[in-house]
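**Q** Just passing along the structure, written as structure tokens.
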Amino acid sequence: MDLVIRIAGEAGQGVVSAGDMLVNAFAKLDLYVFTYRSYMSRIRGGLNWYDIRISDRPLSGMRGGSDILFALTDDALTVLYPVNSTAGVVFYNTSAALQTKPGLHNIDFAKESGHSRMINSYAVGIVFGLLGMSKNRLAAAIKREFTDKAEDIIQQNNEAAARGWERCKTCGASFKLEQRHGRTPDFLISGAGAIGLSAARSGVKFVASYPMTPATATFTYLAGAADKYNIVVEQAEDEIAAVNMICGAAYAGVPSLAATSGGGFALMCEGLSLAGMTENPIVILIAMRPGPATGLPTRTAQEDLRFALHAGHGEFPRAIYAPGNVEQCYQLTRTALETAHKYQTPVIILTDQYLQDSIQNIEPLEAAYDPIDRRVELKPKSDYKRYAYSVDGVSPRALPGGGALVVCDSDEHSEAGHLTEDFEFRVAQQNKRMRKLEGMKAEALPPTLYGAKKPEKLLVCWGSTYGICREAVDKLNSCNQKFAMLHFSQLWPLDASRLKKYFNADCEVFVLEGNFTGQFASMLKEQNIVQECKLITRYDGLPFQLEYIIEELEEYDN
Amino acid sequence: MIIEFANTTPAWCPGCGDYSILDTLKTVFEKAHYDPHKFVLVSGIGQAAKLPHYMDINVFNGLHGRALPAATGIKIANHQLEVIITSGDGDMYGEGGNHLLHAIRRNIGVKAFVHNNQVYGLTKGQASPTSDPGFVTPIQNHGVKASPVNPLCLAIIEECTFVARSFSGDKEHLAAMMKAAIEHKHGFALLDILQPCVSFNHHNTFAWYKERVRKIPASHDPNDKMQALELAMQWGDEIPIGIFYKSKRKSFEEANEVLQKGPLVKHYLS
């Protein structure tokens, strides 16, 4: 079973609450759930939709089209009906005279549900009815959802849901709910939340950010976790302040993080360079959205990889991670913190709106507090020097308030940290800093190879396209093709000597990424890892879908 | 404890007001027996911002204009540290002006000593946010047209918990103001320090300041906001120095629920 339910309407119409109710209900029914939210940059009106994909098999991404569409406005129907590619059922709420087609049902949602505030419960009732689930289960789901509400509210929503459940019987459609035998994890979390949880348990105690979609979800998660994990979460006056604050806190010994998107990161560039020069461990989350400038604030993209790689004046080592799914968001946030502290240098995590906002039910993530090793020198020697030369480029890091005085400078400096214009010191310190890159390169995470043993075609991807590329490979291989996926979750540093083996002359290479220019493809070429490749790009603000990938690949065959 | 001075020669011009500020700060540390391990001197970029290098103390010499957010991060990470900023008027009122607005609002327990010489020294003589109208520079070559920032009025209006001004030419007064700012326990302190620039400001000279500064009379009540504002608006023939205003608010550290449980940096074993 593979079913997509799409609820579409204006902001403020209950699209999100209806979607959330269904997600919670399905997760409790031992089904796998994957969601994607598409929303406009506005508080009221517009066209937003919430896709909920459910299956009895684990899901790793979203597919195109929908089987059950709720179109709560004219726009929702006009825009989304044509793309409703599968022969599904549509419930629309419009006065527009629409030629009656099979599967199209005109409903006055506000009237039939009893109140415009109860459209969500009514829609949930319809879905339960269509899937052949009992009224008792529906009542249980409603009760769970409104558990903290007054009895009369629960009652009214129950009635609205029951009306929806009855209404679907007259629509002539039904879907078979194939239930799994066995437990499905009911731990629901988004990419944004998984990053927040991982940061909190790994010992991040200071978070400074300026709100910016789609990074705000992580910022909000951490604010919610602040009391439990003893984190100070500060809304900075701007992103410049945010990055300088976390540099200060890192200097004083507290693992710190800032969350932003491309535009905010643009303001952080000087601070990123500061962390590189002062050798302070900071982690910055860039949740990408389409640019340039304000671009499409609430949509998804992979346009800031080159920016993350080159941001900041001067040269300094950095690592860039790009988690592929919710679990990797959790794992790699800790890895990012560990790398930042091991090498005393800034680390960037790249996600995007799609991954930030996608909710999945997965095996519960460990939430117990287990801070990373900050690798600080708690008993510094009497002749302590913050920037002492070393073989691997890493100097012992003492903290102010400890046994030694710690001098840290944004100017070029001596081993002791005092500013200097001495050319020999300059070269020695720059060499020391850049030496760290060798260790970081050796520790870089290898890409994940998935699919055919001896592939004829290799689909290279990075970040949030992991799940959908896996699905594409499965689909293509089921049609007697020989595809493999090579997914990168660490994008810098790249170790050409270890990566060349994945590419050989008789295997055609496609690089898939959510930008116009093929940023990662050009990095692979620059590093002499790949000679020739074809691009599959998407930059309309929407995530890659299975159908899109297969069509693009077919284009190359024609 | 006796401070051992860093083996670094100041890069300032002979006669610069920065020398008196440095000497005075060292004297304050010596007399009060402050432990330099418990202090961090934070600065941005500029001539004044080099001061931390000339003391044996913890130093965070950050970016131009960004001393305040860096100091805020340090104070939040370990609020048992005393965090003092020594930076210039360009750094604190120009490039970092937005941070000043919000540091005062936040009432973070950081003490900002602003070396205010009304000119940009390190970049060689351009106007600063506090330059007097008409001041001619190689850039503002028809004279400064913009109205100067009044940092003290701004701080008073924003309910800053400690607002003072001193003059580098009166070391005794400066020492008293520095000590009062350091001992201030309830949040952000702004100490504006008038200071001549011998190389680039031939208008606001040592003598110019010397004949104009007037100590605020002991009768002034620093809790009286309107009186403080009136004093802070005086500039020209008479320039008041002393403590203008003290607003009664909780500091960021006192108000933050998480910090009430102890310094963040103490949550780690390794």
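Labels used: A, B, ... for chains in the order of the structure tokens, numbers from 1 for residues in each chain, and numbers from 1 for ligands as shown.
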Per DSSP on the backbone, what are the helix (DSSP H, G or I) residues of region 53-140 of chain B, as a ChimeraX atom specification?

**A** /B:53-54,67-77,89-95,97-106

**Q** Take the residues that were just selected and, keeping N, CA and C atoms, output them as a PDB file, in the first residue's frame.

**A**
ATOM      1  N   HIS B  53      45.625  43.564  24.506  1.00  0.00           N
ATOM      2  CA  HIS B  53      46.912  42.899  24.282  1.00  0.00           C
ATOM      3  C   HIS B  53      47.998  43.411  25.213  1.00  0.00           C
ATOM      4  N   TYR B  54      47.783  44.571  25.806  1.00  0.00           N
ATOM      5  CA  TYR B  54      48.836  45.183  26.621  1.00  0.00           C
ATOM      6  C   TYR B  54      48.649  44.907  28.109  1.00  0.00           C
ATOM      7  N   ALA B  67      32.438  43.508  19.244  1.00  0.00           N
ATOM      8  CA  ALA B  67      32.865  43.211  20.614  1.00  0.00           C
ATOM      9  C   ALA B  67      31.659  42.835  21.478  1.00  0.00           C
ATOM     10  N   LEU B  68      30.557  43.567  21.294  1.00  0.00           N
ATOM     11  CA  LEU B  68      29.394  43.334  22.165  1.00  0.00           C
ATOM     12  C   LEU B  68      28.796  41.936  22.035  1.00  0.00           C
ATOM     13  N   PRO B  69      28.477  41.472  20.824  1.00  0.00           N
ATOM     14  CA  PRO B  69      27.930  40.112  20.768  1.00  0.00           C
ATOM     15  C   PRO B  69      28.916  39.043  21.243  1.00  0.00           C
ATOM     16  N   ALA B  70      30.212  39.222  20.954  1.00  0.00           N
ATOM     17  CA  ALA B  70      31.186  38.236  21.449  1.00  0.00           C
ATOM     18  C   ALA B  70      31.210  38.251  22.976  1.00  0.00           C
ATOM     19  N   ALA B  71      31.228  39.450  23.555  1.00  0.00           N
ATOM     20  CA  ALA B  71      31.234  39.573  25.020  1.00  0.00           C
ATOM     21  C   ALA B  71      29.958  38.966  25.609  1.00  0.00           C
ATOM     22  N   THR B  72      28.843  39.158  24.918  1.00  0.00           N
ATOM     23  CA  THR B  72      27.561  38.595  25.378  1.00  0.00           C
ATOM     24  C   THR B  72      27.641  37.071  25.412  1.00  0.00           C
ATOM     25  N   GLY B  73      28.207  36.497  24.359  1.00  0.00           N
ATOM     26  CA  GLY B  73      28.350  35.032  24.307  1.00  0.00           C
ATOM     27  C   GLY B  73      29.235  34.515  25.436  1.00  0.00           C
ATOM     28  N   ILE B  74      30.327  35.239  25.714  1.00  0.00           N
ATOM     29  CA  ILE B  74      31.250  34.818  26.781  1.00  0.00           C
ATOM     30  C   ILE B  74      30.545  34.884  28.136  1.00  0.00           C
ATOM     31  N   LYS B  75      29.828  35.983  28.357  1.00  0.00           N
ATOM     32  CA  LYS B  75      29.152  36.172  29.655  1.00  0.00           C
ATOM     33  C   LYS B  75      28.057  35.114  29.848  1.00  0.00           C
ATOM     34  N   ILE B  76      27.339  34.793  28.770  1.00  0.00           N
ATOM     35  CA  ILE B  76      26.274  33.783  28.890  1.00  0.00           C
ATOM     36  C   ILE B  76      26.894  32.402  29.145  1.00  0.00           C
ATOM     37  N   ALA B  77      28.020  32.121  28.480  1.00  0.00           N
ATOM     38  CA  ALA B  77      28.657  30.811  28.650  1.00  0.00           C
ATOM     39  C   ALA B  77      29.209  30.635  30.061  1.00  0.00           C
ATOM     40  N   ASP B  89      34.887  54.463  19.616  1.00  0.00           N
ATOM     41  CA  ASP B  89      33.572  54.999  19.264  1.00  0.00           C
ATOM     42  C   ASP B  89      33.094  54.461  17.909  1.00  0.00           C
ATOM     43  N   GLY B  90      34.022  54.237  16.984  1.00  0.00           N
ATOM     44  CA  GLY B  90      33.626  53.673  15.691  1.00  0.00           C
ATOM     45  C   GLY B  90      33.121  52.260  15.874  1.00  0.00           C
ATOM     46  N   ASP B  91      33.830  51.505  16.665  1.00  0.00           N
ATOM     47  CA  ASP B  91      33.504  50.109  16.917  1.00  0.00           C
ATOM     48  C   ASP B  91      32.150  49.966  17.625  1.00  0.00           C
ATOM     49  N   MET B  92      31.948  50.779  18.653  1.00  0.00           N
ATOM     50  CA  MET B  92      30.787  50.591  19.529  1.00  0.00           C
ATOM     51  C   MET B  92      29.551  51.386  19.098  1.00  0.00           C
ATOM     52  N   TYR B  93      29.769  52.586  18.522  1.00  0.00           N
ATOM     53  CA  TYR B  93      28.615  53.431  18.177  1.00  0.00           C
ATOM     54  C   TYR B  93      28.322  53.409  16.671  1.00  0.00           C
ATOM     55  N   GLY B  94      29.320  53.022  15.861  1.00  0.00           N
ATOM     56  CA  GLY B  94      29.121  52.985  14.411  1.00  0.00           C
ATOM     57  C   GLY B  94      28.837  51.575  13.946  1.00  0.00           C
ATOM     58  N   GLU B  95      29.897  50.855  13.637  1.00  0.00           N
ATOM     59  CA  GLU B  95      29.762  49.481  13.122  1.00  0.00           C
ATOM     60  C   GLU B  95      28.936  48.598  14.068  1.00  0.00           C
ATOM     61  N   GLY B  97      26.679  49.677  16.347  1.00  0.00           N
ATOM     62  CA  GLY B  97      25.587  50.443  16.967  1.00  0.00           C
ATOM     63  C   GLY B  97      24.356  49.615  17.277  1.00  0.00           C
ATOM     64  N   ASN B  98      23.987  48.745  16.347  1.00  0.00           N
ATOM     65  CA  ASN B  98      22.795  47.922  16.572  1.00  0.00           C
ATOM     66  C   ASN B  98      22.978  47.021  17.799  1.00  0.00           C
ATOM     67  N   HIS B  99      24.195  46.505  17.959  1.00  0.00           N
ATOM     68  CA  HIS B  99      24.442  45.617  19.100  1.00  0.00           C
ATOM     69  C   HIS B  99      24.310  46.370  20.420  1.00  0.00           C
ATOM     70  N   LEU B 100      24.713  47.660  20.397  1.00  0.00           N
ATOM     71  CA  LEU B 100      24.619  48.449  21.628  1.00  0.00           C
ATOM     72  C   LEU B 100      23.161  48.600  22.055  1.00  0.00           C
ATOM     73  N   LEU B 101      22.298  48.923  21.073  1.00  0.00           N
ATOM     74  CA  LEU B 101      20.859  49.037  21.379  1.00  0.00           C
ATOM     75  C   LEU B 101      20.371  47.799  22.106  1.00  0.00           C
ATOM     76  N   HIS B 102      20.787  46.644  21.603  1.00  0.00           N
ATOM     77  CA  HIS B 102      20.210  45.393  22.106  1.00  0.00           C
ATOM     78  C   HIS B 102      20.938  44.856  23.330  1.00  0.00           C
ATOM     79  N   ALA B 103      22.209  45.199  23.479  1.00  0.00           N
ATOM     80  CA  ALA B 103      22.919  44.796  24.702  1.00  0.00           C
ATOM     81  C   ALA B 103      22.300  45.506  25.905  1.00  0.00           C
ATOM     82  N   ILE B 104      21.929  46.779  25.702  1.00  0.00           N
ATOM     83  CA  ILE B 104      21.307  47.534  26.801  1.00  0.00           C
ATOM     84  C   ILE B 104      19.944  46.925  27.125  1.00  0.00           C
ATOM     85  N   ARG B 105      19.162  46.618  26.090  1.00  0.00           N
ATOM     86  CA  ARG B 105      17.846  45.999  26.310  1.00  0.00           C
ATOM     87  C   ARG B 105      17.997  44.676  27.050  1.00  0.00           C
ATOM     88  N   ARG B 106      18.947  43.879  26.575  1.00  0.00           N
ATOM     89  CA  ARG B 106      19.183  42.552  27.146  1.00  0.00           C
ATOM     90  C   ARG B 106      19.680  42.660  28.586  1.00  0.00           C
TER      91      ARG B 106
END

**Q** I need the chain A residues near chain B as number ranges by chain; criterion: at most 7 Å, counting only C-alpha atoms.

**A** A: 205, 227, 230-232, 237, 241, 244-249, 252-254, 373-376, 400-401, 405-410, 418

**Q** Find the spatial neighbours of region 53-63 of chain A, counting only C-alpha atoms, within a cut-off of 6 Å - ignore same-chain residues fewer than 4 positions away - and output them as a list in words.

**A**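 Listing them by chain and then by number gives Met1, Asp2, Leu3, Val4, Leu31, Tyr32, Val33, Phe34, Arg180, Gly467, Ile468, Gln545 and Leu546 of chain A.
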
**Q** Tell me which protein, DNA and RNA residues are within 6 Å of region 113-116 of chain B, counting only C-alpha atoms, leaving out same-chain ones fewer than 4 positions away, and put them as a list in words.

**A**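 My list of contacting residues is Ile85, Thr86, Ser87, Gly88, Asp89, Leu191, Asp192, Ile193, Leu194 and Gln195 of chain B.
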
**Q** For the residues in that selection, give me C-alpha atoms as a compact mmCIF listing (two decimals), in the first residue's frame.

**A**
# COMPACT_ATOMS: atom_id res chain seq x y z
CA ILE B 85 34.92 45.63 26.58
CA THR B 86 37.54 48.21 25.68
CA SER B 87 36.89 49.51 22.21
CA GLY B 88 36.44 52.75 20.32
CA ASP B 89 33.57 55.00 19.26
CA LEU B 191 31.30 54.09 30.36
CA ASP B 192 31.99 56.66 27.65
CA ILE B 193 35.56 57.89 27.95
CA LEU B 194 36.45 61.17 26.26
CA GLN B 195 39.91 60.89 24.83

**Q** Just the residues within 12 Å of region 77-82 of chain A, please, counting only C-alpha atoms, with nothing from its chain fewer than 6 positions along; format it as an MDAnalysis selection string.

**A** chainID A and resid 6:10 38 46:51 64:71 88:98 101 103:106

**Q** For Glu112 (chain A), work out the shell of residues within 8 Å, counting only C-alpha atoms and skipping chain neighbours fewer than 3 positions away, then give it as a list in words.

**A**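 Close residues of Glu112 (chain A): Ile107, Asp108, Phe109, His115, Ala160 and Arg163 of chain A.
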
**Q** For Gly236 (chain B), which of B:Ser166, B:Ser199, B:Asn223, B:Asn204 is the closest residue, counting only C-alpha atoms?

**A**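 Of all the options, B:Asn204 lies closest to Gly236 (chain B).
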
**Q** Sorted by chain and rising residue number, list the residues of region 406-456 of chain A at most 10 Å from region 313-324 of chain A (counting only C-alpha atoms), each with its closest atom pair and distance in Å to one decimal, as JSON lines.

**A**
{"residue": "A:Gln430", "atom": "CA", "partner": "A:Phe316", "partner_atom": "CA", "distance": 8.1}
{"residue": "A:Asn431", "atom": "CA", "partner": "A:Phe316", "partner_atom": "CA", "distance": 9.9}
{"residue": "A:Arg433", "atom": "CA", "partner": "A:Phe316", "partner_atom": "CA", "distance": 6.7}
{"residue": "A:Met434", "atom": "CA", "partner": "A:Pro317", "partner_atom": "CA", "distance": 5.9}
{"residue": "A:Arg435", "atom": "CA", "partner": "A:Pro317", "partner_atom": "CA", "distance": 8.4}
{"residue": "A:Lys436", "atom": "CA", "partner": "A:Pro317", "partner_atom": "CA", "distance": 6.8}
{"residue": "A:Leu437", "atom": "CA", "partner": "A:Pro317", "partner_atom": "CA", "distance": 5.7}
{"residue": "A:Glu438", "atom": "CA", "partner": "A:Pro317", "partner_atom": "CA", "distance": 9.5}
{"residue": "A:Met440", "atom": "CA", "partner": "A:Ala319", "partner_atom": "CA", "distance": 7.6}
{"residue": "A:Lys441", "atom": "CA", "partner": "A:Ala319", "partner_atom": "CA", "distance": 9.0}
{"residue": "A:Ala444", "atom": "CA", "partner": "A:Ala319", "partner_atom": "CA", "distance": 8.6}
{"residue": "A:Leu445", "atom": "CA", "partner": "A:Tyr321", "partner_atom": "CA", "distance": 9.1}

**Q** Calculate how many Å separate CA of Tyr34 (chain B) from CA of Glu377 (chain A), rounding to one decimal.

**A**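 Going from CA of Tyr34 (chain B) over to CA of Glu377 (chain A), I get 23.9 Å.
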
**Q** With only C-alpha atoms as the counted atoms, please give the residues lying no more than 12 Å from Val213 (chain B), apart from itself and same-chain residues fewer than 6 positions off, as a PyMOL selection string.

**A** chain B and resi 165-170+173+193-195+204+206-207+234-242

**Q** Measuring atom to atom with only C-alpha atoms, identify which of A:Asp557, A:Glu303, A:Glu551, A:Glu415 is nearest to Gln519 (chain A).

**A**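 Going through A:Asp557, A:Glu303, A:Glu551, A:Glu415 one by one, the smallest distance to Gln519 (chain A) is for A:Glu303.
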
**Q** In Å, rounded to a single decimal, give me how far CA of Cys168 (chain A) is from CA of Ile126 (chain A).

**A** 5.4 Å

**Q** Using only C-alpha atoms, pick whichever of A:Ser190, A:Asn480, A:Thr335, A:Gln235 has the shortest atom-to-atom distance to Gln353 (chain A).

**A**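 Looking only at the distances to Gln353 (chain A), the closest residue turns out to be A:Ser190.
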
**Q** Measuring between only C-alpha atoms, which one of A:Asp352, A:Glu239, A:Asp74, A:Asp20 shows the shortest distance to Ile189 (chain A)?

**A**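 The shortest atom-to-atom distance to Ile189 (chain A) comes from A:Asp20.
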
**Q** If DSSP is run on the backbone, what residues of region 73-184 of chain B are strand (DSSP E)? A reply as a list in words would be ideal.

**A**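 Here is the list: Glu82, Val83, Ile84, Ile85, Thr86, Ser87, Gly88, Val110, Lys111, Ala112, Phe113, Val114, His115, Asn116, Phe162, Val163, Ala164, Arg165, Ser166 and Phe167 of chain B.
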
**Q** Go ahead and write the residues just picked, C-alpha atoms, as a PDB file, in the first residue's frame.

**A**
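New file part19.pdb:
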ATOM      1  CA  GLU B  82      33.875  39.524  34.568  1.00  0.00           C
ATOM      2  CA  VAL B  83      33.649  40.650  30.964  1.00  0.00           C
ATOM      3  CA  ILE B  84      34.926  44.104  30.041  1.00  0.00           C
ATOM      4  CA  ILE B  85      34.921  45.632  26.580  1.00  0.00           C
ATOM      5  CA  THR B  86      37.545  48.213  25.685  1.00  0.00           C
ATOM      6  CA  SER B  87      36.890  49.509  22.210  1.00  0.00           C
ATOM      7  CA  GLY B  88      36.443  52.754  20.317  1.00  0.00           C
ATOM      8  CA  VAL B 110      29.095  43.247  30.391  1.00  0.00           C
ATOM      9  CA  LYS B 111      30.980  46.477  31.104  1.00  0.00           C
ATOM     10  CA  ALA B 112      31.651  48.570  27.992  1.00  0.00           C
ATOM     11  CA  PHE B 113      34.489  51.102  28.194  1.00  0.00           C
ATOM     12  CA  VAL B 114      34.213  53.171  25.029  1.00  0.00           C
ATOM     13  CA  HIS B 115      37.273  55.181  24.099  1.00  0.00           C
ATOM     14  CA  ASN B 116      35.525  58.125  22.451  1.00  0.00           C
ATOM     15  CA  PHE B 162      24.777  52.070  34.538  1.00  0.00           C
ATOM     16  CA  VAL B 163      25.524  55.147  32.396  1.00  0.00           C
ATOM     17  CA  ALA B 164      28.687  57.158  32.999  1.00  0.00           C
ATOM     18  CA  ARG B 165      31.245  59.357  31.281  1.00  0.00           C
ATOM     19  CA  SER B 166      34.827  60.170  32.146  1.00  0.00           C
ATOM     20  CA  PHE B 167      37.879  61.790  30.600  1.00  0.00           C
TER      21      PHE B 167
END
